[in-house]
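Engineer: File coords_18.cif follows (mmCIF, N, CA and C atoms):
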data_upload
loop_
_atom_site.label_atom_id
_atom_site.label_comp_id
_atom_site.auth_asym_id
_atom_site.auth_seq_id
_atom_site.Cartn_x
_atom_site.Cartn_y
_atom_site.Cartn_z
N MET A 1390 -2.37 5.15 2.79
CA MET A 1390 -2.07 6.56 2.75
C MET A 1390 -3.12 7.33 1.97
N ARG A 1391 -3.39 6.91 0.74
CA ARG A 1391 -4.41 7.61 -0.04
C ARG A 1391 -5.76 6.98 0.25
N PRO A 1392 -6.83 7.77 0.13
CA PRO A 1392 -8.16 7.20 0.32
C PRO A 1392 -8.46 6.13 -0.74
N TYR A 1393 -9.25 5.15 -0.38
CA TYR A 1393 -9.69 4.14 -1.34
C TYR A 1393 -11.07 3.66 -0.94
N PRO A 1394 -11.75 2.89 -1.78
CA PRO A 1394 -13.16 2.57 -1.56
C PRO A 1394 -13.47 2.01 -0.17
N ASP A 1395 -14.53 2.53 0.44
CA ASP A 1395 -14.89 2.17 1.81
C ASP A 1395 -15.07 0.68 2.07
N PRO A 1396 -15.77 -0.09 1.20
CA PRO A 1396 -15.93 -1.51 1.51
C PRO A 1396 -14.59 -2.25 1.63
N LEU A 1397 -13.68 -1.99 0.71
CA LEU A 1397 -12.36 -2.62 0.77
C LEU A 1397 -11.59 -2.09 1.97
N ARG A 1398 -11.65 -0.82 2.19
CA ARG A 1398 -10.95 -0.18 3.31
C ARG A 1398 -11.38 -0.81 4.64
N ALA A 1399 -12.67 -0.99 4.83
CA ALA A 1399 -13.18 -1.57 6.07
C ALA A 1399 -12.67 -3.00 6.26
N ARG A 1400 -12.63 -3.78 5.19
CA ARG A 1400 -12.14 -5.15 5.29
C ARG A 1400 -10.64 -5.18 5.60
N VAL A 1401 -9.87 -4.30 4.95
CA VAL A 1401 -8.43 -4.24 5.20
C VAL A 1401 -8.16 -3.82 6.64
N PHE A 1402 -8.84 -2.77 7.11
CA PHE A 1402 -8.64 -2.31 8.48
C PHE A 1402 -9.05 -3.39 9.48
N GLY A 1403 -10.11 -4.13 9.17
CA GLY A 1403 -10.53 -5.23 10.04
C GLY A 1403 -9.47 -6.31 10.15
N LEU A 1404 -8.90 -6.68 9.02
CA LEU A 1404 -7.85 -7.69 9.01
C LEU A 1404 -6.63 -7.20 9.78
N LEU A 1405 -6.22 -5.96 9.56
CA LEU A 1405 -5.06 -5.42 10.28
C LEU A 1405 -5.34 -5.37 11.79
N ALA A 1406 -6.56 -5.02 12.16
CA ALA A 1406 -6.92 -4.98 13.59
C ALA A 1406 -6.82 -6.37 14.20
N GLU A 1407 -7.26 -7.41 13.46
CA GLU A 1407 -7.14 -8.78 13.94
C GLU A 1407 -5.68 -9.13 14.22
N LEU A 1408 -4.78 -8.56 13.43
CA LEU A 1408 -3.35 -8.83 13.57
C LEU A 1408 -2.67 -7.83 14.51
N MET A 1409 -3.50 -7.04 15.21
CA MET A 1409 -3.02 -6.07 16.21
C MET A 1409 -2.21 -4.93 15.58
N ILE A 1410 -2.58 -4.56 14.35
CA ILE A 1410 -1.96 -3.42 13.67
C ILE A 1410 -2.98 -2.29 13.67
N HIS A 1411 -2.63 -1.17 14.28
CA HIS A 1411 -3.50 -0.01 14.32
C HIS A 1411 -3.03 1.00 13.28
N VAL A 1412 -3.94 1.48 12.45
CA VAL A 1412 -3.61 2.46 11.43
C VAL A 1412 -3.75 3.84 12.06
N HIS A 1413 -2.62 4.53 12.22
CA HIS A 1413 -2.62 5.83 12.91
C HIS A 1413 -3.15 6.97 12.07
N ALA A 1414 -2.87 6.97 10.80
CA ALA A 1414 -3.32 8.06 9.92
C ALA A 1414 -4.00 7.43 8.71
N PRO A 1415 -5.25 6.97 8.89
CA PRO A 1415 -5.89 6.19 7.84
C PRO A 1415 -6.06 6.91 6.51
N GLU A 1416 -6.18 8.20 6.53
CA GLU A 1416 -6.26 8.95 5.28
C GLU A 1416 -5.33 10.15 5.38
N ALA A 1417 -4.08 9.84 5.46
CA ALA A 1417 -3.07 10.89 5.64
C ALA A 1417 -3.01 11.82 4.44
N LEU A 1418 -3.39 11.32 3.29
CA LEU A 1418 -3.28 12.11 2.06
C LEU A 1418 -4.64 12.28 1.41
N ARG A 1419 -4.88 13.42 0.85
CA ARG A 1419 -6.14 13.68 0.17
C ARG A 1419 -6.10 13.08 -1.24
N VAL A 1420 -7.25 12.94 -1.82
CA VAL A 1420 -7.36 12.44 -3.20
C VAL A 1420 -6.63 13.41 -4.13
N GLY A 1421 -5.83 12.86 -5.04
CA GLY A 1421 -5.16 13.67 -6.05
C GLY A 1421 -3.82 14.24 -5.65
N VAL A 1422 -3.36 13.96 -4.44
CA VAL A 1422 -2.06 14.50 -4.02
C VAL A 1422 -0.96 13.90 -4.90
N ASP A 1423 -0.01 14.72 -5.28
CA ASP A 1423 1.11 14.25 -6.11
C ASP A 1423 2.01 13.32 -5.31
N ASN A 1424 2.69 12.42 -6.04
CA ASN A 1424 3.62 11.51 -5.37
C ASN A 1424 4.69 12.26 -4.59
N ALA A 1425 5.17 13.37 -5.12
CA ALA A 1425 6.21 14.15 -4.43
C ALA A 1425 5.73 14.60 -3.06
N ASP A 1426 4.48 15.07 -2.97
CA ASP A 1426 3.93 15.48 -1.68
C ASP A 1426 3.73 14.28 -0.75
N ALA A 1427 3.29 13.17 -1.32
CA ALA A 1427 3.12 11.95 -0.54
C ALA A 1427 4.46 11.50 0.04
N ILE A 1428 5.49 11.56 -0.77
CA ILE A 1428 6.83 11.15 -0.32
C ILE A 1428 7.31 12.08 0.80
N ARG A 1429 7.11 13.37 0.65
CA ARG A 1429 7.51 14.30 1.71
C ARG A 1429 6.80 13.96 3.02
N TYR A 1430 5.51 13.63 2.93
CA TYR A 1430 4.75 13.26 4.13
C TYR A 1430 5.35 12.02 4.79
N VAL A 1431 5.60 10.99 4.01
CA VAL A 1431 6.14 9.73 4.54
C VAL A 1431 7.50 9.97 5.19
N VAL A 1432 8.38 10.67 4.51
CA VAL A 1432 9.73 10.92 5.03
C VAL A 1432 9.65 11.72 6.33
N ALA A 1433 8.75 12.69 6.39
CA ALA A 1433 8.62 13.52 7.59
C ALA A 1433 8.12 12.72 8.79
N HIS A 1434 7.30 11.68 8.54
CA HIS A 1434 6.71 10.93 9.65
C HIS A 1434 7.45 9.63 9.97
N GLY A 1435 8.26 9.14 9.06
CA GLY A 1435 9.09 7.96 9.29
C GLY A 1435 8.36 6.73 9.82
N PRO A 1436 7.29 6.29 9.16
CA PRO A 1436 6.56 5.12 9.66
C PRO A 1436 7.38 3.84 9.54
N LYS A 1437 7.01 2.88 10.37
CA LYS A 1437 7.66 1.56 10.37
C LYS A 1437 6.96 0.58 9.43
N LEU A 1438 5.76 0.94 9.00
CA LEU A 1438 4.96 0.13 8.10
C LEU A 1438 4.09 1.08 7.28
N LEU A 1439 3.94 0.81 5.99
CA LEU A 1439 3.11 1.64 5.13
C LEU A 1439 1.92 0.84 4.61
N LEU A 1440 0.77 1.48 4.58
CA LEU A 1440 -0.43 0.94 3.96
C LEU A 1440 -0.68 1.79 2.72
N VAL A 1441 -0.39 1.21 1.54
CA VAL A 1441 -0.44 1.97 0.29
C VAL A 1441 -1.34 1.22 -0.69
N PRO A 1442 -2.59 1.65 -0.85
CA PRO A 1442 -3.46 0.99 -1.83
C PRO A 1442 -2.89 1.10 -3.23
N PHE A 1443 -3.07 0.05 -4.03
CA PHE A 1443 -2.54 0.06 -5.39
C PHE A 1443 -3.28 1.01 -6.31
N HIS A 1444 -4.55 1.19 -6.14
CA HIS A 1444 -5.42 1.80 -7.15
C HIS A 1444 -4.77 2.96 -7.90
N VAL A 1445 -5.15 3.04 -9.17
CA VAL A 1445 -4.64 4.09 -10.04
C VAL A 1445 -5.44 5.37 -9.78
N VAL A 1446 -4.71 6.47 -9.60
CA VAL A 1446 -5.34 7.77 -9.33
C VAL A 1446 -4.70 8.82 -10.25
N ARG A 1447 -5.35 9.94 -10.33
CA ARG A 1447 -4.78 11.08 -11.04
C ARG A 1447 -4.23 12.05 -10.01
N GLU A 1448 -2.98 12.44 -10.22
CA GLU A 1448 -2.38 13.46 -9.37
C GLU A 1448 -3.02 14.80 -9.71
N ALA A 1449 -2.78 15.81 -8.89
CA ALA A 1449 -3.30 17.15 -9.16
C ALA A 1449 -2.83 17.65 -10.53
N SER A 1450 -1.66 17.18 -10.96
CA SER A 1450 -1.11 17.59 -12.26
C SER A 1450 -1.83 16.92 -13.44
N GLY A 1451 -2.67 15.92 -13.13
CA GLY A 1451 -3.36 15.19 -14.19
C GLY A 1451 -2.69 13.89 -14.56
N GLU A 1452 -1.46 13.66 -14.09
CA GLU A 1452 -0.73 12.43 -14.39
C GLU A 1452 -1.35 11.25 -13.63
N ARG A 1453 -1.37 10.10 -14.30
CA ARG A 1453 -1.85 8.87 -13.64
C ARG A 1453 -0.70 8.26 -12.85
N THR A 1454 -1.04 7.73 -11.69
CA THR A 1454 -0.05 7.06 -10.86
C THR A 1454 -0.75 5.98 -10.06
N SER A 1455 0.02 5.15 -9.39
CA SER A 1455 -0.55 4.08 -8.58
C SER A 1455 0.27 3.94 -7.30
N GLY A 1456 -0.24 3.12 -6.41
CA GLY A 1456 0.49 2.86 -5.18
C GLY A 1456 1.84 2.21 -5.44
N LEU A 1457 1.91 1.40 -6.48
CA LEU A 1457 3.18 0.78 -6.84
C LEU A 1457 4.17 1.83 -7.32
N GLU A 1458 3.71 2.76 -8.14
CA GLU A 1458 4.58 3.84 -8.60
C GLU A 1458 5.03 4.72 -7.43
N LEU A 1459 4.13 4.99 -6.51
CA LEU A 1459 4.49 5.77 -5.33
C LEU A 1459 5.57 5.05 -4.53
N THR A 1460 5.42 3.76 -4.36
CA THR A 1460 6.41 2.98 -3.61
C THR A 1460 7.77 3.00 -4.31
N PHE A 1461 7.79 2.84 -5.63
CA PHE A 1461 9.05 2.93 -6.38
C PHE A 1461 9.69 4.29 -6.20
N ALA A 1462 8.91 5.34 -6.37
CA ALA A 1462 9.44 6.70 -6.27
C ALA A 1462 9.99 6.98 -4.87
N LEU A 1463 9.27 6.54 -3.85
CA LEU A 1463 9.74 6.72 -2.47
C LEU A 1463 11.08 6.02 -2.27
N ARG A 1464 11.19 4.81 -2.73
CA ARG A 1464 12.42 4.04 -2.51
C ARG A 1464 13.58 4.55 -3.35
N ARG A 1465 13.29 5.07 -4.53
CA ARG A 1465 14.37 5.67 -5.35
C ARG A 1465 14.90 6.93 -4.67
N ALA A 1466 14.00 7.75 -4.17
CA ALA A 1466 14.39 9.04 -3.57
C ALA A 1466 14.99 8.87 -2.18
N HIS A 1467 14.57 7.83 -1.46
CA HIS A 1467 15.01 7.63 -0.07
C HIS A 1467 15.28 6.15 0.16
N PRO A 1468 16.48 5.68 -0.20
CA PRO A 1468 16.81 4.26 -0.09
C PRO A 1468 16.53 3.60 1.26
N PRO A 1469 16.62 4.31 2.42
CA PRO A 1469 16.28 3.62 3.67
C PRO A 1469 14.86 3.05 3.68
N PHE A 1470 13.96 3.58 2.86
CA PHE A 1470 12.59 3.07 2.82
C PHE A 1470 12.47 1.78 2.02
N GLU A 1471 13.56 1.31 1.43
CA GLU A 1471 13.52 0.03 0.73
C GLU A 1471 13.21 -1.12 1.66
N ARG A 1472 13.50 -0.95 2.95
CA ARG A 1472 13.27 -2.01 3.92
C ARG A 1472 12.03 -1.76 4.80
N VAL A 1473 11.31 -0.69 4.52
CA VAL A 1473 10.06 -0.45 5.25
C VAL A 1473 8.97 -1.27 4.56
N PRO A 1474 8.33 -2.17 5.30
CA PRO A 1474 7.31 -3.01 4.67
C PRO A 1474 6.09 -2.21 4.23
N VAL A 1475 5.51 -2.66 3.12
CA VAL A 1475 4.33 -2.03 2.54
C VAL A 1475 3.24 -3.10 2.39
N VAL A 1476 2.08 -2.82 2.95
CA VAL A 1476 0.90 -3.64 2.70
C VAL A 1476 0.11 -2.90 1.63
N MET A 1477 -0.15 -3.58 0.51
CA MET A 1477 -0.77 -2.92 -0.64
C MET A 1477 -2.09 -3.58 -1.01
N PRO A 1478 -3.21 -3.03 -0.50
CA PRO A 1478 -4.52 -3.55 -0.91
C PRO A 1478 -4.74 -3.35 -2.41
N VAL A 1479 -5.31 -4.37 -3.04
CA VAL A 1479 -5.59 -4.33 -4.47
C VAL A 1479 -7.04 -4.75 -4.67
N SER A 1480 -7.86 -3.83 -5.19
CA SER A 1480 -9.27 -4.14 -5.41
C SER A 1480 -9.43 -5.14 -6.55
N ILE A 1481 -10.59 -5.78 -6.58
CA ILE A 1481 -10.89 -6.71 -7.67
C ILE A 1481 -10.79 -5.98 -9.01
N PHE A 1482 -11.25 -4.74 -9.05
CA PHE A 1482 -11.25 -3.97 -10.30
C PHE A 1482 -9.84 -3.64 -10.78
N ALA A 1483 -8.90 -3.51 -9.86
CA ALA A 1483 -7.53 -3.12 -10.22
C ALA A 1483 -6.59 -4.31 -10.32
N GLN A 1484 -7.09 -5.51 -10.05
CA GLN A 1484 -6.20 -6.67 -9.96
C GLN A 1484 -5.44 -6.95 -11.26
N VAL A 1485 -6.09 -6.84 -12.40
CA VAL A 1485 -5.41 -7.12 -13.68
C VAL A 1485 -4.29 -6.11 -13.91
N ALA A 1486 -4.58 -4.83 -13.67
CA ALA A 1486 -3.55 -3.79 -13.84
C ALA A 1486 -2.40 -4.02 -12.85
N PHE A 1487 -2.74 -4.38 -11.62
CA PHE A 1487 -1.71 -4.64 -10.63
C PHE A 1487 -0.82 -5.80 -11.06
N GLU A 1488 -1.43 -6.90 -11.48
CA GLU A 1488 -0.65 -8.07 -11.86
C GLU A 1488 0.29 -7.77 -13.02
N ALA A 1489 -0.15 -6.97 -13.98
CA ALA A 1489 0.72 -6.58 -15.09
C ALA A 1489 1.89 -5.74 -14.60
N ALA A 1490 1.61 -4.78 -13.74
CA ALA A 1490 2.68 -3.92 -13.20
C ALA A 1490 3.61 -4.72 -12.28
N TRP A 1491 3.06 -5.61 -11.49
CA TRP A 1491 3.84 -6.40 -10.54
C TRP A 1491 4.80 -7.33 -11.26
N ARG A 1492 4.34 -7.90 -12.37
CA ARG A 1492 5.18 -8.81 -13.16
C ARG A 1492 6.46 -8.11 -13.61
N ASP A 1493 6.32 -6.85 -13.98
CA ASP A 1493 7.45 -6.09 -14.48
C ASP A 1493 8.36 -5.57 -13.37
N ARG A 1494 7.83 -5.36 -12.18
CA ARG A 1494 8.59 -4.68 -11.13
C ARG A 1494 8.33 -5.27 -9.76
N HIS A 1495 8.61 -6.51 -9.57
CA HIS A 1495 8.41 -7.15 -8.27
C HIS A 1495 9.27 -6.43 -7.23
N LEU A 1496 8.69 -6.13 -6.09
CA LEU A 1496 9.39 -5.41 -5.03
C LEU A 1496 9.52 -6.24 -3.77
N ALA A 1497 10.68 -6.14 -3.14
CA ALA A 1497 10.85 -6.74 -1.82
C ALA A 1497 10.10 -5.91 -0.79
N TYR A 1498 9.68 -6.54 0.27
CA TYR A 1498 9.00 -5.88 1.38
C TYR A 1498 7.66 -5.26 0.99
N VAL A 1499 7.02 -5.82 -0.03
CA VAL A 1499 5.67 -5.38 -0.41
C VAL A 1499 4.77 -6.61 -0.37
N PHE A 1500 3.67 -6.50 0.37
CA PHE A 1500 2.70 -7.58 0.46
C PHE A 1500 1.43 -7.18 -0.29
N PRO A 1501 1.19 -7.76 -1.48
CA PRO A 1501 -0.05 -7.47 -2.20
C PRO A 1501 -1.22 -8.14 -1.49
N LEU A 1502 -2.18 -7.35 -1.07
CA LEU A 1502 -3.35 -7.84 -0.35
C LEU A 1502 -4.53 -7.80 -1.31
N LEU A 1503 -4.71 -8.89 -2.04
CA LEU A 1503 -5.73 -8.95 -3.09
C LEU A 1503 -7.12 -9.08 -2.48
N GLU A 1504 -8.02 -8.20 -2.89
CA GLU A 1504 -9.39 -8.22 -2.38
C GLU A 1504 -10.02 -9.59 -2.59
N SER A 1505 -9.73 -10.22 -3.72
CA SER A 1505 -10.32 -11.52 -4.05
C SER A 1505 -9.88 -12.62 -3.09
N GLN A 1506 -8.80 -12.38 -2.34
CA GLN A 1506 -8.29 -13.38 -1.40
C GLN A 1506 -8.27 -12.88 0.04
N LEU A 1507 -8.86 -11.73 0.27
CA LEU A 1507 -8.74 -11.03 1.55
C LEU A 1507 -9.28 -11.83 2.72
N ASP A 1508 -10.35 -12.59 2.52
CA ASP A 1508 -10.99 -13.29 3.64
C ASP A 1508 -10.42 -14.68 3.88
N GLY A 1509 -9.47 -15.09 3.08
CA GLY A 1509 -8.93 -16.44 3.22
C GLY A 1509 -7.94 -16.58 4.36
N GLU A 1510 -7.95 -17.72 4.98
CA GLU A 1510 -7.03 -18.00 6.09
C GLU A 1510 -5.58 -18.00 5.61
N LYS A 1511 -5.34 -18.47 4.38
CA LYS A 1511 -3.97 -18.46 3.85
C LYS A 1511 -3.44 -17.04 3.74
N THR A 1512 -4.30 -16.12 3.30
CA THR A 1512 -3.89 -14.71 3.19
C THR A 1512 -3.57 -14.15 4.57
N ARG A 1513 -4.42 -14.44 5.54
CA ARG A 1513 -4.22 -13.96 6.91
C ARG A 1513 -2.88 -14.47 7.46
N GLU A 1514 -2.61 -15.75 7.27
CA GLU A 1514 -1.37 -16.33 7.77
C GLU A 1514 -0.15 -15.79 7.01
N ALA A 1515 -0.28 -15.62 5.71
CA ALA A 1515 0.83 -15.07 4.92
C ALA A 1515 1.12 -13.63 5.32
N LEU A 1516 0.08 -12.84 5.57
CA LEU A 1516 0.28 -11.46 6.01
C LEU A 1516 0.92 -11.43 7.39
N ARG A 1517 0.46 -12.29 8.28
CA ARG A 1517 1.06 -12.37 9.62
C ARG A 1517 2.55 -12.69 9.52
N ALA A 1518 2.91 -13.67 8.70
CA ALA A 1518 4.31 -14.06 8.53
C ALA A 1518 5.12 -12.90 7.91
N PHE A 1519 4.54 -12.22 6.92
CA PHE A 1519 5.20 -11.08 6.30
C PHE A 1519 5.50 -10.01 7.34
N LEU A 1520 4.51 -9.69 8.15
CA LEU A 1520 4.70 -8.63 9.16
C LEU A 1520 5.73 -9.02 10.19
N ILE A 1521 5.77 -10.27 10.56
CA ILE A 1521 6.77 -10.72 11.55
C ILE A 1521 8.18 -10.64 10.97
N THR A 1522 8.35 -11.11 9.74
CA THR A 1522 9.69 -11.14 9.17
C THR A 1522 10.15 -9.77 8.65
N ALA A 1523 9.21 -8.93 8.23
CA ALA A 1523 9.58 -7.65 7.62
C ALA A 1523 9.73 -6.51 8.62
N THR A 1524 9.22 -6.68 9.82
CA THR A 1524 9.31 -5.58 10.78
C THR A 1524 10.29 -5.89 11.89
#
Would it be possible to restate this file's structure as structure tokens?
Structural biologist:
Amino acid sequence: MRPYPDPLRARVFGLLAELMIHVHAPEALRVGVDNADAIRYVVAHGPKLLLVPFHVVREASGERTSGLELTFALRRAHPPFERVPVVMPVSIFAQVAFEAAWRDRHLAYVFPLLESQLDGEKTREALRAFLITAT
């Protein structure tokens, strides 16, 4: 949903394309959009799968947030989205922050797609299995 670094983005989109997943709105949200606006966008479009990068960003208000926080906020505000699967790319630079946040708030229907493991066959197979069972 939010823009994220091109090299990681290209690899994620390539992997999703291999799995026959087409990203319809690759940058649906501009940099700095508040979570509330992002949630309104998601609810209005009702996707069956979300691609939400983890990276930490500053909202227009100046508050720091992440893809994990956006996912929590979406699910709190709209419980039907608790069962919408989320693929969450995590860059090498954000992996430590992600792991700390993930430890505290593990979520169902979220697949962390770690950049450090992105090219591995195990990751590809695990993502394929996640998409089959979660959708």
Engineer: Write out as a list in words which residues come within 6 Å of segment 1441-1456 of chain A when counting only C-alpha atoms, dropping same-chain ones fewer than 3 positions away.
Structural biologist: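 After dropping sequence-adjacent residues, the list is Met1390, Gly1421, Val1422, Asp1423, Leu1459, Met1477, Pro1478 and Val1479 of chain A.
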Engineer: Please report the interatomic distance between atom CA of Val1473 of chain A and atom CA of Leu1438 of chain A in Å with one decimal.
Structural biologist: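 Atom CA of Val1473 of chain A sits 5.9 Å away from atom CA of Leu1438 of chain A.
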Engineer: Fewer than 4 positions away in the same chain doesn't count, so skip those; otherwise give me all residues within 7 Å of Ala1497 of chain A, counting all atoms listed in the file, as a list in words.
Structural biologist: Glu1471, Arg1472, Pro1474 and Val1475 of chain A
Engineer: Between A:Thr1512, A:Ser1505, A:Asn1424, A:Thr1522, which is the closest to Ile1481 of chain A once you count only C-alpha atoms?
Structural biologist: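 Using only C-alpha atoms, Ile1481 of chain A sits closest to A:Ser1505.
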Engineer: Name all residues at most 8 Å from segment 1395-1406 of chain A (count all atoms listed in the file; drop same-chain ones fewer than 4 positions away) and give them as a tab-separated table (two decimals) with N, CA and C atoms, keeping the file's coordinate frame.
Structural biologist:
chain	number	residue	atom	x	y	z
A	1410	ILE	N	-2.58	-4.56	14.35
A	1410	ILE	CA	-1.96	-3.42	13.67
A	1410	ILE	C	-2.98	-2.29	13.67
A	1411	HIS	N	-2.63	-1.17	14.28
A	1411	HIS	CA	-3.50	-0.01	14.32
A	1411	HIS	C	-3.03	1.00	13.28
A	1412	VAL	N	-3.94	1.48	12.45
A	1412	VAL	CA	-3.61	2.46	11.43
A	1412	VAL	C	-3.75	3.84	12.06
A	1478	PRO	N	-3.21	-3.03	-0.50
A	1478	PRO	CA	-4.52	-3.55	-0.91
A	1478	PRO	C	-4.74	-3.35	-2.41
A	1479	VAL	N	-5.31	-4.37	-3.04
A	1479	VAL	CA	-5.59	-4.33	-4.47
A	1479	VAL	C	-7.04	-4.75	-4.67
A	1480	SER	N	-7.86	-3.83	-5.19
A	1480	SER	CA	-9.27	-4.14	-5.41
A	1480	SER	C	-9.43	-5.14	-6.55
A	1504	GLU	N	-8.02	-8.20	-2.89
A	1504	GLU	CA	-9.39	-8.22	-2.38
A	1504	GLU	C	-10.02	-9.59	-2.59
A	1507	LEU	N	-8.86	-11.73	0.27
A	1507	LEU	CA	-8.74	-11.03	1.55
A	1507	LEU	C	-9.28	-11.83	2.72
A	1513	ARG	N	-4.42	-14.44	5.54
A	1513	ARG	CA	-4.22	-13.96	6.91
A	1513	ARG	C	-2.88	-14.47	7.46
Engineer: Atom CA of Glu1407 of chain A and atom CA of Phe1461 of chain A, how far apart in Å?
Structural biologist: 28.5 Å
Engineer: Excluding same-chain residues fewer than 2 positions from Leu1496 of chain A, what lies within 10 Å of it counting only C-alpha atoms, as a PyMOL selection string?
Structural biologist: chain A and resi 1457+1460-1461+1471+1475+1491-1494+1498-1500
Engineer: Could you work out how far atom C of Ala1486 of chain A lies from atom CA of Ala1425 of chain A, giving the answer in Å with one decimal?
Structural biologist: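 Result for atom CA of Ala1425 of chain A versus atom C of Ala1486 of chain A: 21.8 Å, one decimal.
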Engineer: As a VMD selection string, please: every residue in segment 1442-1471 of chain A that a backbone DSSP assignment puts in helix (DSSP H, G or I).
Structural biologist: chain A and resid 1456 to 1466 1468 to 1471
Engineer: Return the single residue from A:Gln1506, A:Pro1501, A:Leu1463, A:Pro1468 that is closest to Arg1429 of chain A, with distances computed using only N, CA and C atoms.
Structural biologist: A:Leu1463
Engineer: Would you mind writing down, as a list of chain:residue names, each residue of chain A that DSSP on the backbone assigns to strand (DSSP E)?
Structural biologist: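 The residues of chain A classed as strand (DSSP E) are A:Leu1439, A:Leu1440, A:Val1446, A:Arg1447, A:Arg1453, A:Thr1454, A:Val1475, A:Val1476, A:Met1477, A:Pro1478, A:Val1479, A:Val1499, A:Phe1500, A:Pro1501, A:Leu1502, A:Leu1503.
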Engineer: Would you mind exporting the chosen residues as an mmCIF file, in the frame of the given file, restricted to N, CA and C atoms?
Structural biologist:
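The file below, again-v7.cif, is the result:
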data_model
loop_
_atom_site.group_PDB
_atom_site.id
_atom_site.type_symbol
_atom_site.label_atom_id
_atom_site.label_comp_id
_atom_site.auth_asym_id
_atom_site.auth_seq_id
_atom_site.Cartn_x
_atom_site.Cartn_y
_atom_site.Cartn_z
ATOM 1 N N LEU A 1439 3.940 0.810 5.990
ATOM 2 C CA LEU A 1439 3.110 1.640 5.130
ATOM 3 C C LEU A 1439 1.920 0.840 4.610
ATOM 4 N N LEU A 1440 0.770 1.480 4.580
ATOM 5 C CA LEU A 1440 -0.430 0.940 3.960
ATOM 6 C C LEU A 1440 -0.680 1.790 2.720
ATOM 7 N N VAL A 1446 -4.710 6.470 -9.600
ATOM 8 C CA VAL A 1446 -5.340 7.770 -9.330
ATOM 9 C C VAL A 1446 -4.700 8.820 -10.250
ATOM 10 N N ARG A 1447 -5.350 9.940 -10.330
ATOM 11 C CA ARG A 1447 -4.780 11.080 -11.040
ATOM 12 C C ARG A 1447 -4.230 12.050 -10.010
ATOM 13 N N ARG A 1453 -1.370 10.100 -14.300
ATOM 14 C CA ARG A 1453 -1.850 8.870 -13.640
ATOM 15 C C ARG A 1453 -0.700 8.260 -12.850
ATOM 16 N N THR A 1454 -1.040 7.730 -11.690
ATOM 17 C CA THR A 1454 -0.050 7.060 -10.860
ATOM 18 C C THR A 1454 -0.750 5.980 -10.060
ATOM 19 N N VAL A 1475 5.510 -2.660 3.120
ATOM 20 C CA VAL A 1475 4.330 -2.030 2.540
ATOM 21 C C VAL A 1475 3.240 -3.100 2.390
ATOM 22 N N VAL A 1476 2.080 -2.820 2.950
ATOM 23 C CA VAL A 1476 0.900 -3.640 2.700
ATOM 24 C C VAL A 1476 0.110 -2.900 1.630
ATOM 25 N N MET A 1477 -0.150 -3.580 0.510
ATOM 26 C CA MET A 1477 -0.770 -2.920 -0.640
ATOM 27 C C MET A 1477 -2.090 -3.580 -1.010
ATOM 28 N N PRO A 1478 -3.210 -3.030 -0.500
ATOM 29 C CA PRO A 1478 -4.520 -3.550 -0.910
ATOM 30 C C PRO A 1478 -4.740 -3.350 -2.410
ATOM 31 N N VAL A 1479 -5.310 -4.370 -3.040
ATOM 32 C CA VAL A 1479 -5.590 -4.330 -4.470
ATOM 33 C C VAL A 1479 -7.040 -4.750 -4.670
ATOM 34 N N VAL A 1499 7.020 -5.820 -0.030
ATOM 35 C CA VAL A 1499 5.670 -5.380 -0.410
ATOM 36 C C VAL A 1499 4.770 -6.610 -0.370
ATOM 37 N N PHE A 1500 3.670 -6.500 0.370
ATOM 38 C CA PHE A 1500 2.700 -7.580 0.460
ATOM 39 C C PHE A 1500 1.430 -7.180 -0.290
ATOM 40 N N PRO A 1501 1.190 -7.760 -1.480
ATOM 41 C CA PRO A 1501 -0.050 -7.470 -2.200
ATOM 42 C C PRO A 1501 -1.220 -8.140 -1.490
ATOM 43 N N LEU A 1502 -2.180 -7.350 -1.070
ATOM 44 C CA LEU A 1502 -3.350 -7.840 -0.350
ATOM 45 C C LEU A 1502 -4.530 -7.800 -1.310
ATOM 46 N N LEU A 1503 -4.710 -8.890 -2.040
ATOM 47 C CA LEU A 1503 -5.730 -8.950 -3.090
ATOM 48 C C LEU A 1503 -7.120 -9.080 -2.480
#
